[in-house]
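**Student:** Enclosed is the structure file entry_7.txt (compact mmCIF, C-alpha atoms).
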```txt
# COMPACT_ATOMS: atom_id res chain seq x y z
CA GLY A 243 76.41 115.65 106.51
CA GLN A 244 77.50 118.32 104.08
CA GLN A 245 76.56 117.64 100.48
CA VAL A 246 77.22 119.55 97.30
CA MET A 247 75.09 118.98 94.21
CA GLN A 248 76.79 119.68 90.88
CA ILE A 249 75.03 119.98 87.52
CA PRO A 250 74.99 119.12 84.71
CA GLN A 251 76.73 115.75 84.66
CA TYR A 252 77.83 116.29 81.05
CA GLN A 253 77.85 119.23 78.68
CA HIS A 254 78.49 118.90 74.97
CA VAL A 255 79.51 122.13 73.25
CA GLN A 256 80.88 123.19 69.91
CA GLU A 257 84.33 124.68 70.12
CA GLY A 258 83.91 128.40 70.67
CA GLU A 259 80.66 128.06 72.62
CA ASP A 260 80.41 128.84 76.31
CA PHE A 261 80.24 126.31 79.15
CA THR A 262 78.86 126.60 82.68
CA THR A 263 78.76 124.23 85.63
CA TYR A 264 76.89 124.85 88.88
CA CYS A 265 77.28 123.69 92.45
CA ASN A 266 74.53 124.04 95.03
CA SER A 267 74.18 123.36 98.72
CA SER A 268 71.23 123.48 101.09
CA THR A 269 73.50 124.90 103.79
CA THR A 270 75.80 127.92 103.86
CA LEU A 271 79.29 127.13 102.66
CA SER A 272 82.40 128.63 104.23
CA ASN A 273 84.40 128.11 101.05
CA ILE A 274 84.35 126.42 97.68
CA GLN A 275 87.20 125.14 95.56
CA TRP A 276 87.26 124.24 91.87
CA TYR A 277 89.40 121.53 90.27
CA LYS A 278 89.92 120.39 86.68
CA GLN A 279 90.75 116.83 85.73
CA ARG A 280 91.80 116.13 82.16
CA PRO A 281 90.99 112.70 80.67
CA GLY A 282 93.49 110.21 82.10
CA GLY A 283 94.87 112.89 84.41
CA HIS A 284 94.63 114.01 88.01
CA PRO A 285 92.68 116.84 89.65
CA VAL A 286 94.36 120.23 89.37
CA PHE A 287 93.40 123.03 91.74
CA LEU A 288 92.00 126.04 89.90
CA ILE A 289 90.75 128.45 92.53
CA GLN A 290 89.14 128.96 95.92
CA LEU A 291 86.30 131.31 96.83
CA VAL A 292 85.46 132.34 100.41
CA LYS A 293 83.60 135.66 100.29
CA SER A 294 79.91 136.22 99.67
CA GLY A 295 79.31 137.40 96.10
CA GLU A 296 82.95 136.85 95.16
CA VAL A 297 83.83 136.79 91.46
CA LYS A 298 87.26 135.76 90.22
CA LYS A 299 88.56 135.48 86.68
CA GLN A 300 91.33 133.44 85.15
CA LYS A 301 91.58 134.33 81.46
CA ARG A 302 88.42 132.78 79.93
CA LEU A 303 87.27 131.22 83.22
CA THR A 304 84.95 133.10 85.59
CA PHE A 305 84.20 131.76 89.05
CA GLN A 306 81.34 133.04 91.20
CA PHE A 307 80.27 132.46 94.79
CA GLY A 308 76.64 133.28 95.53
CA GLU A 309 75.55 136.07 97.83
CA ALA A 310 74.07 133.55 100.25
CA LYS A 311 77.16 131.33 99.92
CA LYS A 312 75.00 128.37 98.96
CA ASN A 313 75.94 128.13 95.32
CA SER A 314 78.85 128.63 92.98
CA SER A 315 79.44 128.52 89.26
CA LEU A 316 82.29 128.16 86.79
CA HIS A 317 81.80 129.73 83.38
CA ILE A 318 84.16 129.24 80.46
CA THR A 319 83.89 131.67 77.55
CA ALA A 320 84.63 130.49 74.01
CA THR A 321 85.70 126.95 74.85
CA GLN A 322 88.84 125.47 73.33
CA THR A 323 89.94 121.85 72.97
CA THR A 324 92.33 122.39 75.87
CA ASP A 325 89.32 122.95 78.15
CA VAL A 326 88.15 119.34 77.76
CA GLY A 327 87.93 117.46 81.05
CA THR A 328 85.85 117.11 84.18
CA TYR A 329 85.35 120.11 86.44
CA PHE A 330 84.74 119.43 90.12
CA CYS A 331 83.65 121.74 92.88
CA ALA A 332 84.69 120.84 96.42
CA VAL A 333 84.08 122.25 99.87
CA ARG A 334 86.69 122.04 102.58
CA LEU A 335 85.13 121.29 105.97
CA ASP A 336 86.08 123.77 108.70
CA SER A 337 86.44 121.00 111.27
CA ASN A 338 89.05 118.89 109.55
CA TYR A 339 90.95 118.34 106.35
CA GLN A 340 88.17 116.73 104.37
CA LEU A 341 86.99 117.91 100.99
CA ILE A 342 83.37 117.27 100.08
CA TRP A 343 83.26 116.85 96.31
CA GLY A 344 80.57 117.54 93.77
CA ALA A 345 79.90 114.78 91.23
CA GLY A 346 81.71 116.70 88.49
CA THR A 347 80.70 118.08 85.10
CA LYS A 348 82.36 116.62 82.06
CA LEU A 349 83.00 119.10 79.26
CA ILE A 350 82.92 117.46 75.84
CA ILE A 351 83.77 119.33 72.64
CA LYS A 352 81.66 118.14 69.70
CA PRO A 353 83.72 117.13 66.65
CA ASP B 66 109.24 122.39 93.73
CA THR B 67 105.45 122.51 93.36
CA GLU B 68 104.78 118.87 92.61
CA VAL B 69 103.58 115.72 94.27
CA THR B 70 105.40 112.72 92.84
CA GLN B 71 103.80 109.29 92.88
CA THR B 72 105.33 105.95 91.97
CA PRO B 73 104.64 103.67 90.26
CA LYS B 74 102.36 105.17 87.61
CA HIS B 75 100.83 101.79 86.81
CA LEU B 76 100.64 98.61 88.88
CA VAL B 77 99.16 95.21 88.17
CA MET B 78 99.04 92.87 91.13
CA GLY B 79 97.56 89.55 92.04
CA MET B 80 95.23 89.09 94.98
CA THR B 81 97.98 87.43 97.04
CA ASN B 82 100.65 90.03 96.32
CA LYS B 83 102.05 92.71 98.61
CA LYS B 84 102.97 96.03 97.04
CA SER B 85 103.49 99.63 98.09
CA LEU B 86 102.57 102.96 96.56
CA LYS B 87 104.86 105.89 97.21
CA CYS B 88 104.26 109.62 97.34
CA GLU B 89 106.70 112.48 97.85
CA GLN B 90 106.39 116.25 98.10
CA HIS B 91 108.85 119.03 98.92
CA MET B 92 106.48 121.96 99.26
CA GLY B 93 106.60 121.92 103.07
CA HIS B 94 102.98 120.78 103.24
CA ARG B 95 102.24 119.10 106.57
CA ALA B 96 98.93 117.52 105.52
CA MET B 97 99.02 114.56 103.14
CA TYR B 98 96.20 112.45 101.78
CA TRP B 99 95.40 109.21 100.03
CA TYR B 100 92.40 109.19 97.73
CA LYS B 101 90.82 106.45 95.64
CA GLN B 102 89.09 107.37 92.39
CA LYS B 103 86.89 105.13 90.32
CA ALA B 104 86.03 106.00 86.72
CA LYS B 105 83.55 108.87 86.29
CA LYS B 106 83.49 109.54 90.05
CA PRO B 107 85.06 112.20 92.25
CA PRO B 108 88.01 111.24 94.44
CA GLU B 109 87.10 109.38 97.62
CA LEU B 110 89.11 110.11 100.76
CA MET B 111 90.91 107.18 102.36
CA PHE B 112 93.44 108.60 104.84
CA VAL B 113 94.70 111.93 106.11
CA TYR B 114 98.05 112.54 107.80
CA SER B 115 98.60 115.78 109.64
CA TYR B 116 102.11 116.48 110.96
CA GLU B 117 102.98 112.86 110.24
CA LYS B 118 100.15 111.55 112.42
CA LEU B 119 97.14 109.70 111.06
CA SER B 120 94.19 111.99 111.66
CA ILE B 121 91.48 110.48 109.47
CA ASN B 122 90.86 106.89 108.42
CA GLU B 123 87.67 106.74 106.40
CA SER B 124 86.76 103.17 107.42
CA VAL B 125 89.19 101.76 104.89
CA PRO B 126 89.69 97.96 104.94
CA SER B 127 92.83 96.77 106.69
CA ARG B 128 94.25 95.44 103.43
CA PHE B 129 95.24 99.08 102.87
CA SER B 130 97.88 100.27 105.34
CA PRO B 131 99.19 103.85 105.23
CA GLU B 132 102.54 105.02 106.53
CA CYS B 133 104.08 108.47 106.84
CA PRO B 134 107.84 108.05 107.48
CA ASN B 135 108.53 111.80 107.47
CA SER B 136 107.00 115.12 106.46
CA SER B 137 107.80 114.59 102.76
CA LEU B 138 106.87 110.96 102.24
CA LEU B 139 103.66 108.98 102.29
CA ASN B 140 103.29 105.28 101.53
CA LEU B 141 100.30 103.05 101.00
CA HIS B 142 100.95 99.36 101.61
CA LEU B 143 98.68 96.95 99.78
CA HIS B 144 98.04 93.33 100.71
CA ALA B 145 95.47 90.76 99.66
CA LEU B 146 93.51 93.19 97.51
CA GLN B 147 90.32 92.36 95.68
CA PRO B 148 89.52 93.06 92.01
CA GLU B 149 87.07 95.79 93.12
CA ASP B 150 90.05 97.68 94.58
CA SER B 151 91.21 98.41 91.03
CA ALA B 152 91.17 102.20 90.70
CA LEU B 153 93.31 105.31 90.40
CA TYR B 154 95.04 106.00 93.72
CA LEU B 155 95.86 109.65 94.23
CA CYS B 156 98.16 111.24 96.75
CA ALA B 157 97.64 114.89 97.63
CA SER B 158 99.12 117.45 99.97
CA SER B 159 98.14 120.82 101.39
CA GLN B 160 99.14 123.28 104.03
CA ALA B 161 97.95 122.06 107.41
CA ASP B 162 97.66 125.40 109.20
CA VAL B 163 95.81 127.37 106.55
CA LEU B 164 92.12 126.54 106.57
CA TYR B 165 91.33 127.46 103.00
CA TYR B 166 94.04 126.18 100.75
CA GLY B 167 93.98 124.14 97.59
CA TYR B 168 95.22 120.60 97.42
CA THR B 169 98.06 119.56 95.13
CA PHE B 170 97.50 116.12 93.65
CA GLY B 171 100.03 113.70 92.28
CA SER B 172 99.48 112.09 88.89
CA GLY B 173 98.28 108.91 90.57
CA THR B 174 98.92 105.18 90.44
CA ARG B 175 96.56 103.26 88.19
CA LEU B 176 96.11 99.95 90.01
CA THR B 177 94.70 96.79 88.50
CA VAL B 178 94.08 93.79 90.74
CA VAL B 179 93.86 90.49 88.88
```
Have the structure of the file written as structure tokens, please.

**Tutor:**
Amino acid sequence: GQQVMQIPQYQHVQEGEDFTTYCNSSTTLSNIQWYKQRPGGHPVFLIQLVKSGEVKKQKRLTFQFGEAKKNSSLHITATQTTDVGTYFCAVRLDSNYQLIWGAGTKLIIKP
Amino acid sequence: DTEVTQTPKHLVMGMTNKKSLKCEQHMGHRAMYWYKQKAKKPPELMFVYSYEKLSINESVPSRFSPECPNSSLLNLHLHALQPEDSALYLCASSQADVLYYGYTFGSGTRLTVV
């Protein structure tokens, strides 16, 4: 079945440094979604990408979908304490309502 | 209204108890979901309702029983749970007719089975 590999599992950064998480698939993806889950919170939908080579920005967040639609990335510029949490990628299957989730990348700000 | 409301926020129950989790949304979404999330893991799909009909049951044990009374409400009835069922239970909703559409999650019920 469809699988999405997400790396790294954790990333420790100093406040003000950049952060990137990657999702990869061995098969072509029709779409990819990104969610953020704060500690003790619930997943919050950030964005969806569907087009080859698509790049979308939300303030300091940049989302990319690869040309071959087999990978995606989320890049945060100049991290802030409010960015702390776990970032998940997810793929919605065309055939039904299921989301296939990546394992998540936890962003940790070093004290 | 752009929220999914879940009650209760926390629940402690014994293995012989019967309890229910409730979920409500007023966004007109006709697909609703129950997810289970263990610590440090992504959400795990349990059930999907589409137009108030159960469309996916991910081989969930019968001690979990979902119900969709109408297009705004979703319940999860719990009976004879095990300690390993302790987790965060998340309700979510989305548009049913639009293929690529984000899910809106509720804040969850943190369940502890003792």

**Student:** As a PDB file with C-alpha atoms, in the frame of the given file, please: the residues near region 282-290 of chain A (cut-off 8 Å, all atoms listed in the file, same-chain neighbours under 6 positions excluded).

**Tutor:**
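Everything below was put into selection_2.pdb:
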```pdb
ATOM      1  CA  ASN A 273      84.400 128.110 101.050  1.00  0.00           C
ATOM      2  CA  ILE A 274      84.350 126.420  97.680  1.00  0.00           C
ATOM      3  CA  GLN A 275      87.200 125.140  95.560  1.00  0.00           C
ATOM      4  CA  TRP A 276      87.260 124.240  91.870  1.00  0.00           C
TER       5      TRP A 276
ATOM      6  CA  LEU B 155      95.860 109.650  94.230  1.00  0.00           C
ATOM      7  CA  TYR B 165      91.330 127.460 103.000  1.00  0.00           C
ATOM      8  CA  TYR B 166      94.040 126.180 100.750  1.00  0.00           C
ATOM      9  CA  GLY B 167      93.980 124.140  97.590  1.00  0.00           C
ATOM     10  CA  TYR B 168      95.220 120.600  97.420  1.00  0.00           C
ATOM     11  CA  THR B 169      98.060 119.560  95.130  1.00  0.00           C
ATOM     12  CA  PHE B 170      97.500 116.120  93.650  1.00  0.00           C
ATOM     13  CA  GLY B 171     100.030 113.700  92.280  1.00  0.00           C
ATOM     14  CA  SER B 172      99.480 112.090  88.890  1.00  0.00           C
ATOM     15  CA  GLY B 173      98.280 108.910  90.570  1.00  0.00           C
TER      16      GLY B 173
END
```

**Student:** Calculate how many Å separate CA of Ser124 (chain B) from CA of Leu110 (chain B), rounding to one decimal.

**Tutor:**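 If I compute the distance from CA of Ser124 (chain B) to CA of Leu110 (chain B), I get 9.9 Å.
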
**Student:** Using all atoms listed in the file for the distances, tell me which of A:Tyr252, A:Phe305, A:Trp343, A:Tyr329 is nearest to chain B.

**Tutor:**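 Of A:Tyr252, A:Phe305, A:Trp343, A:Tyr329, the one nearest chain B, counting all atoms listed in the file, is A:Trp343.
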
**Student:** Would you list the contacts of Met247 (chain A) as a PyMOL selection string, taking every protein, DNA or RNA residue within 6 Å and counting only C-alpha atoms, but skipping same-chain residues closer than 6 positions in sequence?

**Tutor:** chain A and resi 265-266+344

**Student:** Which of these, A:Pro353, A:Gly308, A:Pro281, A:Gly258, has the shortest distance to chain B once you count all atoms listed in the file?

**Tutor:**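 Among the listed residues, A:Pro281 lies closest to chain B.
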
**Student:** Which polymer residues have any atom within 12 Å of an atom of Glu123 (chain B), counting all atoms listed in the file, with same-chain residues fewer than 4 positions away left out, as a ChimeraX atom specification?

**Tutor:** /A:340 /B:98-101,109-114,119,127,129,131

**Student:** Any idea what the distance is between CA of Leu164 (chain B) and CA of Arg280 (chain A)?

**Tutor:**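 Between these atoms lies a distance of 26.5 Å.
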
**Student:** Using only C-alpha atoms, pick whichever of B:Glu132, B:Asp66, B:Glu117, B:Glu89 has the shortest atom-to-atom distance to Ala161 (chain B).

**Tutor:**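 Using only C-alpha atoms, the shortest distance to Ala161 (chain B) belongs to B:Glu117.
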
**Student:** Given only C-alpha atoms as the basis, pick out the residue of A:Lys352, A:Lys298, A:His254, A:Lys278 nearest to Ala332 (chain A).

**Tutor:**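 Of A:Lys352, A:Lys298, A:His254, A:Lys278, the one nearest Ala332 (chain A), counting only C-alpha atoms, is A:Lys278.
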
**Student:** Which of these residues is nearest to Leu303 (chain A), using only C-alpha atoms: A:Asn338, A:Ile318, A:Leu291, A:Ser267?

**Tutor:**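 So, comparing all the options, the nearest one is A:Ile318.
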
**Student:** Report as a PDB file with C-alpha atoms, in the frame of the given file all protein, DNA and RNA residues lying within 12 Å of Val178 (chain B), evaluated on only C-alpha atoms, omitting residues in the same chain fewer than 3 positions from it.

**Tutor:**
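Written out: selection27.pdb:
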```pdb
ATOM      1  CA  HIS B  75     100.830 101.790  86.810  1.00  0.00           C
ATOM      2  CA  LEU B  76     100.640  98.610  88.880  1.00  0.00           C
ATOM      3  CA  VAL B  77      99.160  95.210  88.170  1.00  0.00           C
ATOM      4  CA  MET B  78      99.040  92.870  91.130  1.00  0.00           C
ATOM      5  CA  GLY B  79      97.560  89.550  92.040  1.00  0.00           C
ATOM      6  CA  MET B  80      95.230  89.090  94.980  1.00  0.00           C
ATOM      7  CA  THR B  81      97.980  87.430  97.040  1.00  0.00           C
ATOM      8  CA  ASN B  82     100.650  90.030  96.320  1.00  0.00           C
ATOM      9  CA  LYS B  83     102.050  92.710  98.610  1.00  0.00           C
ATOM     10  CA  LYS B  84     102.970  96.030  97.040  1.00  0.00           C
ATOM     11  CA  LEU B 143      98.680  96.950  99.780  1.00  0.00           C
ATOM     12  CA  HIS B 144      98.040  93.330 100.710  1.00  0.00           C
ATOM     13  CA  ALA B 145      95.470  90.760  99.660  1.00  0.00           C
ATOM     14  CA  LEU B 146      93.510  93.190  97.510  1.00  0.00           C
ATOM     15  CA  GLN B 147      90.320  92.360  95.680  1.00  0.00           C
ATOM     16  CA  PRO B 148      89.520  93.060  92.010  1.00  0.00           C
ATOM     17  CA  GLU B 149      87.070  95.790  93.120  1.00  0.00           C
ATOM     18  CA  ASP B 150      90.050  97.680  94.580  1.00  0.00           C
ATOM     19  CA  SER B 151      91.210  98.410  91.030  1.00  0.00           C
ATOM     20  CA  ALA B 152      91.170 102.200  90.700  1.00  0.00           C
ATOM     21  CA  LEU B 153      93.310 105.310  90.400  1.00  0.00           C
ATOM     22  CA  ARG B 175      96.560 103.260  88.190  1.00  0.00           C
TER      23      ARG B 175
END
```

**Student:** I need the residue nearest Leu341 (chain A) from this list: B:Asn140, B:Ser85, B:Gln71, B:Ser159. Use only C-alpha atoms for the distance.

**Tutor:**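 When distances to Leu341 (chain A) are compared using only C-alpha atoms, the smallest one comes from B:Ser159.
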
**Student:** What separation in Å, quoted to one decimal, exists between CA of Leu271 (chain A) and CA of Ser315 (chain A)?

**Tutor:** 13.5 Å

**Student:** Mind checking which residues fall within 9 Å of Met92 (chain B), counting all atoms listed in the file, ignoring those fewer than 3 positions away in the same chain, and posting them as a count of residues only?

**Tutor:** 9

**Student:** Please supply region 153-175 of chain B, rebuilt with N, CA, C and O atoms, as a compact mmCIF listing (two decimals), keeping the file's coordinate frame.

**Tutor:**
```txt
# COMPACT_ATOMS: atom_id res chain seq x y z
N LEU B 153 92.20 104.34 90.40
CA LEU B 153 93.31 105.31 90.40
C LEU B 153 93.51 105.75 91.85
O LEU B 153 92.57 106.21 92.50
N TYR B 154 94.73 105.59 92.35
CA TYR B 154 95.04 106.00 93.72
C TYR B 154 95.85 107.29 93.65
O TYR B 154 96.92 107.35 93.05
N LEU B 155 95.29 108.31 94.28
CA LEU B 155 95.86 109.65 94.23
C LEU B 155 96.40 110.05 95.59
O LEU B 155 95.75 109.86 96.61
N CYS B 156 97.59 110.61 95.57
CA CYS B 156 98.16 111.24 96.75
C CYS B 156 97.99 112.75 96.59
O CYS B 156 98.05 113.27 95.46
N ALA B 157 97.76 113.44 97.68
CA ALA B 157 97.64 114.89 97.63
C ALA B 157 98.27 115.48 98.88
O ALA B 157 98.48 114.78 99.89
N SER B 158 98.60 116.75 98.79
CA SER B 158 99.12 117.45 99.97
C SER B 158 98.55 118.85 100.03
O SER B 158 98.07 119.39 99.02
N SER B 159 98.58 119.44 101.22
CA SER B 159 98.14 120.82 101.39
C SER B 159 98.79 121.38 102.65
O SER B 159 99.32 120.64 103.47
N GLN B 160 98.70 122.70 102.78
CA GLN B 160 99.14 123.28 104.03
C GLN B 160 98.20 122.81 105.14
O GLN B 160 96.99 122.69 104.93
N ALA B 161 98.76 122.56 106.30
CA ALA B 161 97.95 122.06 107.41
C ALA B 161 97.39 123.19 108.26
O ALA B 161 96.37 123.03 108.90
N ASP B 162 98.05 124.33 108.28
CA ASP B 162 97.66 125.40 109.20
C ASP B 162 96.76 126.44 108.57
O ASP B 162 96.22 127.29 109.26
N VAL B 163 96.63 126.39 107.27
CA VAL B 163 95.81 127.37 106.55
C VAL B 163 94.50 126.70 106.20
O VAL B 163 94.48 125.70 105.48
N LEU B 164 93.39 127.24 106.70
CA LEU B 164 92.12 126.54 106.57
C LEU B 164 91.69 126.41 105.11
O LEU B 164 91.25 125.37 104.68
N TYR B 165 91.82 127.48 104.37
CA TYR B 165 91.33 127.46 103.00
C TYR B 165 92.52 127.48 102.06
O TYR B 165 93.11 128.53 101.81
N TYR B 166 92.85 126.33 101.57
CA TYR B 166 94.04 126.18 100.75
C TYR B 166 93.82 125.01 99.81
O TYR B 166 93.33 123.96 100.21
N GLY B 167 94.19 125.20 98.56
CA GLY B 167 93.98 124.14 97.59
C GLY B 167 94.88 122.96 97.81
O GLY B 167 95.96 123.07 98.40
N TYR B 168 94.45 121.83 97.34
CA TYR B 168 95.22 120.60 97.42
C TYR B 168 96.04 120.44 96.14
O TYR B 168 95.56 120.74 95.05
N THR B 169 97.24 119.92 96.29
CA THR B 169 98.06 119.56 95.13
C THR B 169 98.06 118.04 95.02
O THR B 169 98.44 117.35 95.97
N PHE B 170 97.59 117.55 93.88
CA PHE B 170 97.50 116.12 93.65
C PHE B 170 98.69 115.62 92.85
O PHE B 170 99.20 116.33 91.96
N GLY B 171 99.10 114.39 93.14
CA GLY B 171 100.03 113.70 92.28
C GLY B 171 99.30 113.14 91.06
O GLY B 171 98.08 113.19 90.99
N SER B 172 100.08 112.60 90.13
CA SER B 172 99.48 112.09 88.89
C SER B 172 98.82 110.73 89.08
O SER B 172 98.14 110.25 88.18
N GLY B 173 99.01 110.12 90.24
CA GLY B 173 98.28 108.91 90.57
C GLY B 173 98.98 107.62 90.18
O GLY B 173 99.90 107.60 89.36
N THR B 174 98.53 106.54 90.81
CA THR B 174 98.92 105.18 90.44
C THR B 174 97.66 104.47 89.97
O THR B 174 96.69 104.38 90.72
N ARG B 175 97.72 104.00 88.72
CA ARG B 175 96.56 103.26 88.19
C ARG B 175 96.77 101.80 88.54
O ARG B 175 97.66 101.14 88.02
```
